[in-house]
>>> print(open('target05.txt').read())   # compact mmCIF, C-alpha atoms and all ligand atoms
# COMPACT_ATOMS: atom_id res chain seq x y z
CA MET A 1 231.78 32.66 21.76
CA ASN A 2 230.49 35.31 24.12
CA GLU A 3 230.66 35.27 27.87
CA LEU A 4 227.32 33.63 28.64
CA PRO A 5 227.85 30.34 26.78
CA MET A 6 231.49 30.32 27.95
CA SER A 7 230.27 30.25 31.55
CA LEU A 8 228.56 26.88 30.99
CA ARG A 9 230.05 23.40 31.47
CA LYS A 10 232.42 22.59 28.64
CA GLU A 11 230.56 19.36 27.86
CA ALA A 12 227.25 21.21 27.44
CA ARG A 13 228.84 23.94 25.38
CA GLU A 14 230.57 21.49 23.10
CA ALA A 15 227.62 19.18 22.45
CA PRO A 16 227.63 19.08 18.66
CA GLU A 17 224.83 20.40 16.50
CA SER A 18 223.21 17.47 14.71
CA GLY A 19 224.64 17.36 11.20
CA ILE A 20 221.23 16.13 10.00
CA VAL A 21 219.34 19.04 11.55
CA GLU A 22 221.89 21.45 10.08
CA VAL A 23 220.84 20.47 6.55
CA VAL A 24 217.14 20.34 7.52
CA ASN A 25 217.36 23.90 8.85
CA PHE A 26 219.09 24.96 5.65
CA ALA A 27 216.12 24.02 3.44
CA ARG A 28 213.08 23.09 5.53
CA GLU A 29 210.97 25.90 4.07
CA ARG A 30 211.42 24.89 0.42
CA GLU A 31 208.09 24.50 -1.33
CA ASP A 32 208.64 21.43 -3.50
CA LEU A 33 210.62 19.60 -0.83
CA ILE A 34 210.63 15.80 -0.63
CA PRO A 35 212.05 15.27 2.87
CA LEU A 36 213.97 11.99 2.99
CA TRP A 37 216.52 13.28 5.50
CA VAL A 38 215.11 12.32 8.89
CA GLY A 39 214.48 8.84 10.27
CA GLU A 40 210.74 8.52 9.99
CA GLY A 41 208.10 7.37 7.57
CA ASP A 42 205.16 9.38 6.30
CA LEU A 43 202.32 7.33 7.81
CA LYS A 44 200.30 8.77 10.65
CA THR A 45 200.07 6.73 13.87
CA PRO A 46 197.25 4.16 13.28
CA ASP A 47 193.73 4.90 14.56
CA PHE A 48 193.61 2.11 17.13
CA ILE A 49 196.74 3.49 18.82
CA ARG A 50 195.50 7.07 18.84
CA GLU A 51 192.12 5.94 20.19
CA ALA A 52 193.75 4.17 23.12
CA ALA A 53 195.43 7.47 24.03
CA TYR A 54 192.11 9.40 23.78
CA LEU A 55 190.47 6.85 26.06
CA GLY A 56 193.24 7.21 28.64
CA LEU A 57 193.03 10.97 28.45
CA ASP A 58 189.24 10.94 28.85
CA ALA A 59 189.59 8.59 31.80
CA GLY A 60 191.76 11.21 33.50
CA GLU A 61 195.14 9.53 33.16
CA THR A 62 196.83 12.89 33.46
CA PHE A 63 198.54 12.47 36.82
CA TYR A 64 202.06 11.48 37.82
CA THR A 65 202.44 7.78 37.41
CA TYR A 66 204.91 4.92 37.90
CA GLN A 67 208.49 5.97 37.13
CA ARG A 68 209.26 2.60 35.58
CA GLY A 69 206.06 2.56 33.51
CA ILE A 70 202.53 1.41 34.35
CA PRO A 71 202.39 -2.31 35.19
CA GLU A 72 200.05 -3.05 32.25
CA LEU A 73 202.58 -1.63 29.77
CA ARG A 74 205.51 -3.41 31.36
CA ARG A 75 203.54 -6.66 31.17
CA ALA A 76 202.69 -5.96 27.53
CA LEU A 77 206.42 -5.40 26.88
CA ALA A 78 207.25 -8.72 28.53
CA ASP A 79 204.59 -10.50 26.42
CA TYR A 80 205.79 -8.78 23.25
CA HIS A 81 209.38 -9.90 23.90
CA SER A 82 208.22 -13.43 24.73
CA ARG A 83 206.46 -13.57 21.35
CA GLN A 84 209.41 -12.07 19.49
CA TYR A 85 212.16 -14.13 21.09
CA GLY A 86 210.34 -17.36 21.91
CA ARG A 87 211.15 -17.45 25.62
CA GLY A 88 209.81 -16.02 28.85
CA PHE A 89 210.41 -12.42 29.97
CA THR A 90 209.17 -10.67 33.09
CA GLN A 91 207.93 -7.11 33.40
CA GLU A 92 210.82 -6.33 35.76
CA GLU A 93 213.15 -6.41 32.74
CA PHE A 94 211.50 -3.35 31.10
CA TYR A 95 211.44 0.36 31.87
CA VAL A 96 209.29 2.83 29.97
CA THR A 97 211.13 5.95 28.83
CA GLY A 98 210.24 9.19 27.09
CA SER A 99 211.76 7.96 23.77
CA GLY A 100 214.48 5.64 22.56
CA MET A 101 216.73 8.67 22.91
CA GLN A 102 216.03 8.82 26.64
CA ALA A 103 216.60 5.08 26.94
CA MET A 104 220.01 5.68 25.39
CA GLN A 105 220.71 8.57 27.71
CA ILE A 106 219.85 6.52 30.79
CA ALA A 107 221.92 3.62 29.52
CA ILE A 108 224.93 5.90 29.21
CA GLN A 109 224.25 7.54 32.58
CA CYS A 110 224.35 4.03 34.05
CA VAL A 111 227.74 3.08 32.66
CA ALA A 112 229.92 6.02 31.62
CA GLY A 113 231.11 9.12 33.45
CA VAL A 114 233.98 11.58 33.32
CA GLY A 115 237.11 10.05 31.77
CA ASP A 116 235.42 6.81 30.67
CA GLU A 117 235.30 5.53 27.11
CA VAL A 118 232.51 3.97 25.08
CA ILE A 119 233.35 2.17 21.84
CA LEU A 120 231.00 2.35 18.89
CA HIS A 121 231.00 1.38 15.26
CA ASP A 122 231.36 4.14 12.71
CA PRO A 123 229.11 5.13 10.93
CA ALA A 124 226.44 5.17 13.62
CA TRP A 125 223.47 7.29 14.64
CA PRO A 126 225.25 10.39 16.04
CA ASN A 127 223.22 10.86 19.21
CA LEU A 128 225.00 8.12 21.12
CA ALA A 129 228.41 9.78 20.79
CA ALA A 130 226.90 13.13 21.73
CA VAL A 131 225.36 11.74 24.94
CA VAL A 132 228.65 10.11 25.85
CA GLY A 133 230.37 13.47 25.41
CA ILE A 134 227.80 15.32 27.52
CA MET A 135 228.52 12.86 30.33
CA GLY A 136 232.20 13.84 30.18
CA ALA A 137 233.16 10.49 28.69
CA ARG A 138 234.76 9.84 25.30
CA ALA A 139 233.16 8.07 22.34
CA VAL A 140 235.70 5.93 20.48
CA PRO A 141 234.60 5.25 16.90
CA VAL A 142 235.77 2.10 15.15
CA PRO A 143 235.39 2.30 11.35
CA MET A 144 233.32 -0.34 9.63
CA ARG A 145 234.42 -1.66 6.27
CA PHE A 146 232.48 -0.92 3.11
CA SER A 147 232.28 -3.15 0.07
CA ALA A 148 229.56 -3.40 -2.56
CA ASP A 149 228.49 -6.67 -0.85
CA GLY A 150 227.79 -4.90 2.40
CA TRP A 151 229.24 -3.19 5.42
CA SER A 152 231.13 -5.31 7.90
CA LEU A 153 232.41 -4.95 11.42
CA ASP A 154 235.87 -6.15 12.30
CA ILE A 155 235.41 -7.43 15.85
CA ASP A 156 239.14 -7.67 16.52
CA ARG A 157 239.53 -4.05 15.54
CA MET A 158 236.63 -3.10 17.79
CA PHE A 159 238.20 -4.83 20.79
CA ASP A 160 241.67 -3.52 19.95
CA ALA A 161 240.19 -0.13 20.85
CA VAL A 162 239.53 -1.26 24.43
CA THR A 163 241.61 0.52 27.09
CA PRO A 164 241.47 0.42 30.89
CA ARG A 165 238.96 3.29 30.62
CA THR A 166 236.50 1.45 28.37
CA ARG A 167 233.16 0.84 30.03
CA ALA A 168 230.83 -0.11 27.21
CA ILE A 169 230.35 -1.07 23.56
CA TYR A 170 227.47 0.37 21.55
CA LEU A 171 226.07 -1.77 18.78
CA ASN A 172 223.14 -0.75 16.60
CA SER A 173 221.77 -3.54 14.43
CA PRO A 174 219.94 -3.17 12.07
CA CYS A 175 222.08 -0.13 11.65
CA ASN A 176 221.10 3.44 11.02
CA PRO A 177 222.53 4.64 8.60
CA THR A 178 224.20 1.72 6.78
CA GLY A 179 221.43 -0.92 6.82
CA TRP A 180 223.97 -3.45 8.12
CA VAL A 181 222.48 -6.32 10.13
CA ALA A 182 224.74 -8.21 12.55
CA GLY A 183 224.46 -11.99 12.29
CA ARG A 184 223.89 -14.10 15.37
CA GLU A 185 227.56 -15.20 15.31
CA THR A 186 228.73 -11.60 15.34
CA LEU A 187 226.51 -10.80 18.32
CA LYS A 188 227.73 -13.90 20.12
CA ALA A 189 231.37 -13.02 19.44
CA VAL A 190 230.89 -9.44 20.69
CA LEU A 191 229.12 -10.71 23.79
CA ASP A 192 231.82 -13.30 24.53
CA ARG A 193 234.59 -10.72 24.29
CA ALA A 194 232.63 -8.14 26.31
CA ARG A 195 231.95 -10.77 29.00
CA GLN A 196 235.64 -11.58 29.30
CA LEU A 197 236.45 -7.90 29.80
CA GLY A 198 233.49 -7.07 32.05
CA LEU A 199 232.20 -4.47 29.59
CA TRP A 200 228.60 -3.41 29.18
CA ILE A 201 226.87 -3.68 25.81
CA ILE A 202 224.38 -1.05 24.74
CA ALA A 203 222.24 -2.90 22.22
CA ASP A 204 220.27 -0.48 20.07
CA GLU A 205 217.69 -2.70 18.42
CA VAL A 206 215.11 -0.08 17.45
CA TYR A 207 214.96 -1.35 13.83
CA SER A 208 214.83 -5.06 14.70
CA ARG A 209 211.58 -5.60 12.80
CA PHE A 210 212.82 -3.86 9.65
CA VAL A 211 214.68 -6.61 7.79
CA TYR A 212 214.43 -7.51 4.14
CA GLY A 213 215.62 -11.07 3.74
CA GLY A 214 212.27 -12.67 4.60
CA GLU A 215 212.97 -13.12 8.32
CA ALA A 216 210.46 -11.91 10.94
CA ARG A 217 213.14 -9.92 12.77
CA ALA A 218 216.87 -9.34 12.99
CA PRO A 219 219.13 -11.42 15.24
CA SER A 220 219.20 -9.90 18.71
CA PHE A 221 221.44 -9.98 21.74
CA TYR A 222 218.40 -11.56 23.41
CA ASP A 223 219.10 -14.63 21.23
CA VAL A 224 222.54 -15.15 22.73
CA ALA A 225 222.39 -13.53 26.18
CA GLU A 226 222.21 -15.31 29.50
CA LYS A 227 221.11 -14.18 32.91
CA GLY A 228 223.66 -11.85 34.46
CA ASP A 229 224.97 -10.51 31.15
CA ARG A 230 225.73 -6.81 31.13
CA ILE A 231 223.42 -5.66 28.36
CA LEU A 232 221.17 -2.62 28.15
CA TYR A 233 218.66 -2.67 25.29
CA VAL A 234 217.53 0.60 23.74
CA ASN A 235 214.14 0.49 22.03
CA THR A 236 211.28 2.72 20.93
CA PHE A 237 207.70 2.92 19.73
CA SER A 238 208.80 5.50 17.15
CA LYS A 239 209.67 3.31 14.20
CA ASN A 240 207.52 0.15 14.40
CA TRP A 241 204.27 1.97 15.06
CA ALA A 242 204.85 5.34 13.37
CA MET A 243 205.00 7.20 16.68
CA THR A 244 208.10 9.37 16.26
CA GLY A 245 206.42 12.51 17.58
CA TRP A 246 205.00 10.85 20.70
CA ARG A 247 208.36 10.43 22.39
CA ILE A 248 207.96 7.07 24.07
CA GLY A 249 210.35 4.14 24.17
CA TRP A 250 211.74 1.57 26.53
CA LEU A 251 214.92 0.29 28.08
CA GLY A 252 215.47 -3.44 28.50
CA ALA A 253 217.75 -4.09 31.47
CA PRO A 254 218.40 -6.65 34.19
CA ALA A 255 215.75 -6.58 36.93
CA GLU A 256 218.50 -6.01 39.52
CA LEU A 257 218.93 -2.48 38.16
CA GLY A 258 215.28 -1.59 38.85
CA GLN A 259 215.74 0.93 41.63
CA ILE A 260 218.71 2.59 39.95
CA ILE A 261 216.90 3.05 36.66
CA GLU A 262 213.79 4.24 38.49
CA ASN A 263 215.92 6.93 40.14
CA LEU A 264 217.45 8.04 36.85
CA ILE A 265 213.96 8.36 35.36
CA GLN A 266 212.79 10.26 38.45
CA TYR A 267 215.60 12.77 38.03
CA SER A 268 215.04 13.32 34.32
CA THR A 269 211.44 13.11 33.08
CA SER A 270 209.83 11.52 36.18
CA GLY A 271 207.91 9.17 33.92
CA VAL A 272 205.76 9.08 30.79
CA ALA A 273 202.13 10.30 30.72
CA GLY A 274 199.67 7.52 31.55
CA PHE A 275 197.47 8.11 28.49
CA MET A 276 200.49 7.75 26.21
CA GLN A 277 201.33 4.46 27.83
CA ARG A 278 197.80 3.23 26.97
CA ALA A 279 198.59 3.94 23.33
CA ALA A 280 201.83 2.00 23.66
CA ILE A 281 199.95 -1.03 25.04
CA ALA A 282 197.62 -0.96 22.02
CA ALA A 283 200.64 -0.78 19.70
CA LEU A 284 202.33 -3.81 21.30
CA ASN A 285 199.21 -5.94 21.56
CA ASP A 286 197.47 -5.15 18.28
CA GLY A 287 200.14 -3.58 16.09
CA ASP A 288 201.76 -6.55 14.35
CA ASN A 289 199.85 -6.11 11.09
CA PHE A 290 200.80 -2.47 10.97
CA VAL A 291 204.48 -3.29 11.47
CA GLU A 292 204.32 -5.85 8.66
CA GLU A 293 202.60 -3.35 6.40
CA GLN A 294 205.35 -0.80 7.06
CA VAL A 295 208.12 -3.33 6.43
CA THR A 296 206.54 -4.38 3.11
CA ARG A 297 206.19 -0.75 2.14
CA ALA A 298 209.81 0.04 3.09
CA LYS A 299 211.07 -2.98 1.15
CA ALA A 300 209.23 -1.77 -1.95
CA GLY A 301 210.62 1.73 -1.33
CA SER A 302 214.17 0.41 -1.16
CA THR A 303 213.73 -1.50 -4.43
CA LEU A 304 212.20 1.48 -6.19
CA ILE A 305 214.98 3.87 -5.23
CA ARG A 306 217.75 1.40 -5.98
CA GLU A 307 216.35 0.52 -9.41
CA VAL A 308 216.57 4.15 -10.42
CA LEU A 309 219.93 4.91 -8.81
CA ASP A 310 221.40 1.76 -10.38
CA ASN A 311 221.14 3.55 -13.73
CA SER A 312 223.84 5.93 -12.59
CA GLU A 313 227.47 4.94 -12.61
CA ARG A 314 228.18 7.74 -10.18
CA VAL A 315 226.42 6.04 -7.28
CA GLU A 316 227.78 3.30 -5.05
CA TYR A 317 226.07 1.56 -2.14
CA ALA A 318 225.61 -1.76 -0.36
CA PRO A 319 221.98 -2.96 -0.48
CA PRO A 320 220.51 -2.39 2.98
CA GLN A 321 219.65 -5.60 4.83
CA GLY A 322 217.69 -3.76 7.48
CA ALA A 323 216.51 -0.40 8.93
CA PHE A 324 214.98 1.93 6.31
CA TYR A 325 217.81 3.89 4.78
CA LEU A 326 219.89 3.82 1.64
CA PHE A 327 223.42 4.98 2.46
CA PHE A 328 225.07 5.83 -0.82
CA LYS A 329 228.15 7.51 -2.18
CA VAL A 330 228.19 9.90 -5.10
CA MET A 331 231.52 9.66 -6.91
CA GLY A 332 233.53 12.82 -7.13
CA PHE A 333 232.29 14.40 -3.89
CA ASP A 334 233.91 14.16 -0.51
CA ASP A 335 232.08 16.84 1.47
CA SER A 336 228.71 15.33 2.25
CA ARG A 337 227.34 18.41 4.05
CA GLU A 338 227.98 20.57 0.99
CA LEU A 339 226.66 17.83 -1.26
CA ALA A 340 223.40 17.43 0.73
CA LYS A 341 222.91 21.21 0.60
CA THR A 342 223.64 21.35 -3.13
CA ILE A 343 221.25 18.48 -3.88
CA VAL A 344 218.41 19.93 -1.83
CA SER A 345 218.96 23.35 -3.39
CA GLN A 346 218.98 22.04 -6.91
CA THR A 347 216.39 19.23 -6.70
CA GLY A 348 214.32 19.73 -3.54
CA VAL A 349 215.23 16.22 -2.32
CA GLY A 350 216.25 16.37 1.34
CA LEU A 351 219.03 13.91 2.26
CA ALA A 352 221.13 13.56 5.39
CA PRO A 353 224.91 14.06 5.06
CA GLY A 354 226.95 10.95 5.82
CA ALA A 355 229.47 12.96 7.84
CA ALA A 356 226.78 13.43 10.48
CA PHE A 357 227.18 9.72 11.31
CA GLY A 358 230.91 9.78 11.99
CA PRO A 359 234.18 10.08 10.05
CA ALA A 360 233.56 6.82 8.16
CA GLY A 361 230.29 8.24 6.84
CA GLU A 362 231.96 11.14 5.03
CA GLY A 363 231.29 11.03 1.32
CA TYR A 364 227.92 9.28 1.75
CA LEU A 365 224.33 10.47 1.84
CA ARG A 366 221.46 8.85 3.73
CA LEU A 367 218.04 8.56 2.15
CA CYS A 368 215.02 7.36 4.15
CA PHE A 369 212.85 5.09 1.99
CA ALA A 370 210.00 4.54 4.47
CA ARG A 371 207.68 6.66 2.34
CA SER A 372 205.00 6.49 -0.31
CA SER A 373 206.03 5.15 -3.69
CA ARG A 374 204.72 8.39 -5.23
CA ASP A 375 207.18 10.54 -3.23
CA LEU A 376 210.02 8.09 -3.74
CA ALA A 377 209.45 7.83 -7.49
CA GLN A 378 209.49 11.60 -7.74
CA ALA A 379 212.61 11.88 -5.58
CA ALA A 380 214.35 9.17 -7.62
CA GLU A 381 213.49 10.91 -10.87
CA ARG A 382 214.88 14.23 -9.61
CA LEU A 383 218.04 12.56 -8.30
CA GLN A 384 218.53 10.71 -11.57
CA GLY A 385 218.17 13.99 -13.46
CA TRP A 386 220.73 15.63 -11.18
CA LEU A 387 223.17 12.71 -11.44
CA SER A 388 223.06 12.70 -15.22
CA ARG A 389 223.92 16.39 -15.51
C1 LIG A 401 219.56 3.93 15.85
C2 LIG A 401 218.55 4.73 16.59
N1 LIG A 401 218.44 4.56 17.90
C3 LIG A 401 217.56 5.24 18.64
C4 LIG A 401 216.71 6.16 18.04
C5 LIG A 401 215.79 6.92 18.95
O1 LIG A 401 214.47 7.00 18.53
P1 LIG A 401 213.42 7.86 19.36
O2 LIG A 401 214.13 8.82 20.21
O3 LIG A 401 212.54 8.51 18.34
O4 LIG A 401 212.64 6.89 20.16
C6 LIG A 401 216.81 6.40 16.66
C7 LIG A 401 215.99 7.42 15.98
O5 LIG A 401 216.20 7.81 14.87
C8 LIG A 401 217.74 5.64 15.92
O6 LIG A 401 217.86 5.78 14.59
>>> encode(input="target05.txt", output="structure tokens", more="lines below")
Ligand SMILES: Cc1ncc(COP(=O)(O)O)c(C=O)c1O
Amino acid sequence: MNELPMSLRKEAREAPESGIVEVVNFAREREDLIPLWVGEGDLKTPDFIREAAYLGLDAGETFYTYQRGIPELRRALADYHSRQYGRGFTQEEFYVTGSGMQAMQIAIQCVAGVGDEVILHDPAWPNLAAVVGIMGARAVPVPMRFSADGWSLDIDRMFDAVTPRTRAIYLNSPCNPTGWVAGRETLKAVLDRARQLGLWIIADEVYSRFVYGGEARAPSFYDVAEKGDRILYVNTFSKNWAMTGWRIGWLGAPAELGQIIENLIQYSTSGVAGFMQRAAIAALNDGDNFVEEQVTRAKAGSTLIREVLDNSERVEYAPPQGAFYLFFKVMGFDDSRELAKTIVSQTGVGLAPGAAFGPAGEGYLRLCFARSSRDLAQAAERLQGWLSR
């Protein structure tokens, strides 16, 4: 590395390149590409959400605004949570952020600094570990167990990783990439143990609406938490309302942290544009049908892909219970980066390498099935052709 990068902070210099983006960059220009590698669907943000943003823009909502989010949006968040979880919430428990990613960053800034440790399950979405590293703290991955019935988390093993430096546990359910959904008992057990040790929980529940067993949503830490619990909830408008490019999300956190979180927002983005927040209000208040439509579509996508891949004896996976990814293994390959590059080169189907999600993801590929059945059928056909070579 030359002198200029070497003069930067080690933590900045060593922030890892996203293993997903690496493969995307390798083949993004391919003509016949079917891109199933990133975590988004193919539907455009619905009209009623876009219109709310136009209205805000036309009304001149282009000035600096509340750091914590405009009161109307925070109220809409409280109402949305009250509907989802069947109990009262107040607007003081919600902070609007410039993406779920920023909610995660602020959560980590709140709890972990130089020399601290944050425990997470492995595989997991890689950005959490990267943010922990940038803060000068250490991410401690705890492998999940794979069986054809599903992925599982060994809670004893997770808490065996606790040291005097541990500050927080990250739990993402429904999980990107595995599709694992933690049951209420698991969440309760994690919370009980974290309470005893005084640890924070970072609850990443961005896929809570994407579940495939007929329930309206996944179990949440909100179902088991009590006042005073040390939980920070990461959430986003990206997935539920097809708003990945907007960059708007929220952090759920105890009201007592209000001023601290406000300050952290001030010293990062200084808030989210007012007109974008209008769109977010429309999404929360009028977007339930759209979410249901997306979940139905993703469920059909999962079935379609699995029916085709089931014809191959070279593929192994656990049916995803939630989120919108199939995380599968192709027998005979153990370098998922090379495999993802080979597959995209030879078939034009873009998949994310499992290694990008942690050591336990090596050997797997992640396929996003939140897409049209036409694209998925074509991708499945190409993959089947490749697998039967
Ligand atoms: C598990 C998980 N958490 C958080 C996010 C952040 O989403 P965004 O930054 O688009 O709001 C993502 C996005 O892929 C995710 O998969």
>>> closest_residue(input="target05.txt", among="A:Ile108, A:Gly245, A:Glu14, A:Ala103", to="Val206 (chain A)", atoms="only C-alpha atoms")
A:Ala103
>>> closest_residue(input="target05.txt", among="A:Leu128, A:Ala27, A:Val315, A:Ala298", to="ligand LIG 401 (chain A)", atoms="only C-alpha atoms and all ligand atoms")
A:Leu128
>>> atom_distance(input="target05.txt", atom1="atom O3 of ligand LIG 401 (chain A)", atom2="CA of Trp180 (chain A)")
19.4 Å
>>> atom_distance(input="target05.txt", atom1="CA of Tyr317 (chain A)", atom2="CA of Ser302 (chain A)")
12.0 Å
>>> residues_near_ligand(input="target05.txt", ligand="ligand LIG 401 (chain A)", cutoff="7 Å", atoms="only C-alpha atoms and all ligand atoms", output="list in words")
Gly39, Ser99, Gly100, Met101, Gln102, Trp125, Asn172, Cys175, Asn176, Asp204, Val206, Val234, Asn235, Thr236, Phe237, Ser238, Thr244, Arg247, Ile248 and Gly249 of chain A
>>> write_last_selection(input="target05.txt", atoms="C-alpha atoms", output="mmCIF file, keeping the file's coordinate frame")
data_model
loop_
_atom_site.group_PDB
_atom_site.id
_atom_site.type_symbol
_atom_site.label_atom_id
_atom_site.label_comp_id
_atom_site.auth_asym_id
_atom_site.auth_seq_id
_atom_site.Cartn_x
_atom_site.Cartn_y
_atom_site.Cartn_z
ATOM 1 C CA GLY A 39 214.480 8.840 10.270
ATOM 2 C CA SER A 99 211.760 7.960 23.770
ATOM 3 C CA GLY A 100 214.480 5.640 22.560
ATOM 4 C CA MET A 101 216.730 8.670 22.910
ATOM 5 C CA GLN A 102 216.030 8.820 26.640
ATOM 6 C CA TRP A 125 223.470 7.290 14.640
ATOM 7 C CA ASN A 172 223.140 -0.750 16.600
ATOM 8 C CA CYS A 175 222.080 -0.130 11.650
ATOM 9 C CA ASN A 176 221.100 3.440 11.020
ATOM 10 C CA ASP A 204 220.270 -0.480 20.070
ATOM 11 C CA VAL A 206 215.110 -0.080 17.450
ATOM 12 C CA VAL A 234 217.530 0.600 23.740
ATOM 13 C CA ASN A 235 214.140 0.490 22.030
ATOM 14 C CA THR A 236 211.280 2.720 20.930
ATOM 15 C CA PHE A 237 207.700 2.920 19.730
ATOM 16 C CA SER A 238 208.800 5.500 17.150
ATOM 17 C CA THR A 244 208.100 9.370 16.260
ATOM 18 C CA ARG A 247 208.360 10.430 22.390
ATOM 19 C CA ILE A 248 207.960 7.070 24.070
ATOM 20 C CA GLY A 249 210.350 4.140 24.170
#
>>> closest_residue(input="target05.txt", among="A:Val291, A:Ile281, A:Pro126, A:Asp47", to="Pro177 (chain A)", atoms="only C-alpha atoms")
A:Pro126
>>> atom_distance(input="target05.txt", atom1="CA of Gln259 (chain A)", atom2="CA of Gly69 (chain A)")
12.7 Å
>>> residues_around(input="target05.txt", residues="region 15-25 of chain A", least_positions_apart="4", cutoff="12 Å", atoms="all atoms listed in the file", output="number ranges by chain")
A: 5, 8-11, 29-30, 33-39, 125-136, 177, 336-345, 348-358, 361-362, 365-367
>>> closest_residue(input="target05.txt", among="A:Arg75, A:Met104, A:Phe89, A:Gly60", to="Ile261 (chain A)", atoms="only C-alpha atoms")
A:Met104
>>> closest_residue(input="target05.txt", among="A:Asp310, A:Glu93, A:Asp229, A:Glu215", to="Gly258 (chain A)", atoms="all atoms listed in the file")
A:Glu93
>>> closest_residue(input="target05.txt", among="A:Trp200, A:Tyr364, A:Phe333, A:Phe146", to="Ile169 (chain A)", atoms="all atoms listed in the file")
A:Trp200
>>> residues_near_point(input="target05.txt", point="(205.0, -13.9, 20.2)", cutoff="12 Å", atoms="all atoms listed in the file", output="ChimeraX atom specification")
/A:76-89,216-217,284-286,288
>>> residues_around(input="target05.txt", residues="Thr45 (chain A)", least_positions_apart="3", cutoff="12 Å", atoms="only C-alpha atoms", output="list in words")
Glu40, Gly41, Asp42, Phe48, Ile49, Arg50, Glu51, Ala52, Ala53, Phe237, Ser238, Lys239, Asn240, Trp241, Ala242, Met243, Thr244, Gly245, Trp246, Ala279, Ala280, Ala282, Ala283, Gly287, Phe290, Val291 and Gln294 of chain A
>>> residues_around(input="target05.txt", residues="Leu153 (chain A)", least_positions_apart="6", cutoff="8 Å", atoms="all atoms listed in the file", output="PyMOL selection string")
chain A and resi 121+143-145
>>> residues_around(input="target05.txt", residues="Ser373 (chain A)", least_positions_apart="6", cutoff="9 Å", atoms="all atoms listed in the file", output="ChimeraX atom specification")
/A:297,300-301,304
>>> residues_around(input="target05.txt", residues="Arg167 (chain A)", least_positions_apart="4", cutoff="10 Å", atoms="all atoms listed in the file", output="list in words")
Ile108, Val111, Ala112, Gly113, Asp116, Glu117, Val118, Ile119, Ala137, Val162, Thr163, Ala194, Leu197, Gly198, Leu199, Trp200 and Ile201 of chain A
>>> residues_near_point(input="target05.txt", point="(222.8, -16.0, 18.2)", cutoff="6 Å", atoms="all atoms listed in the file", output="count of residues only")
5
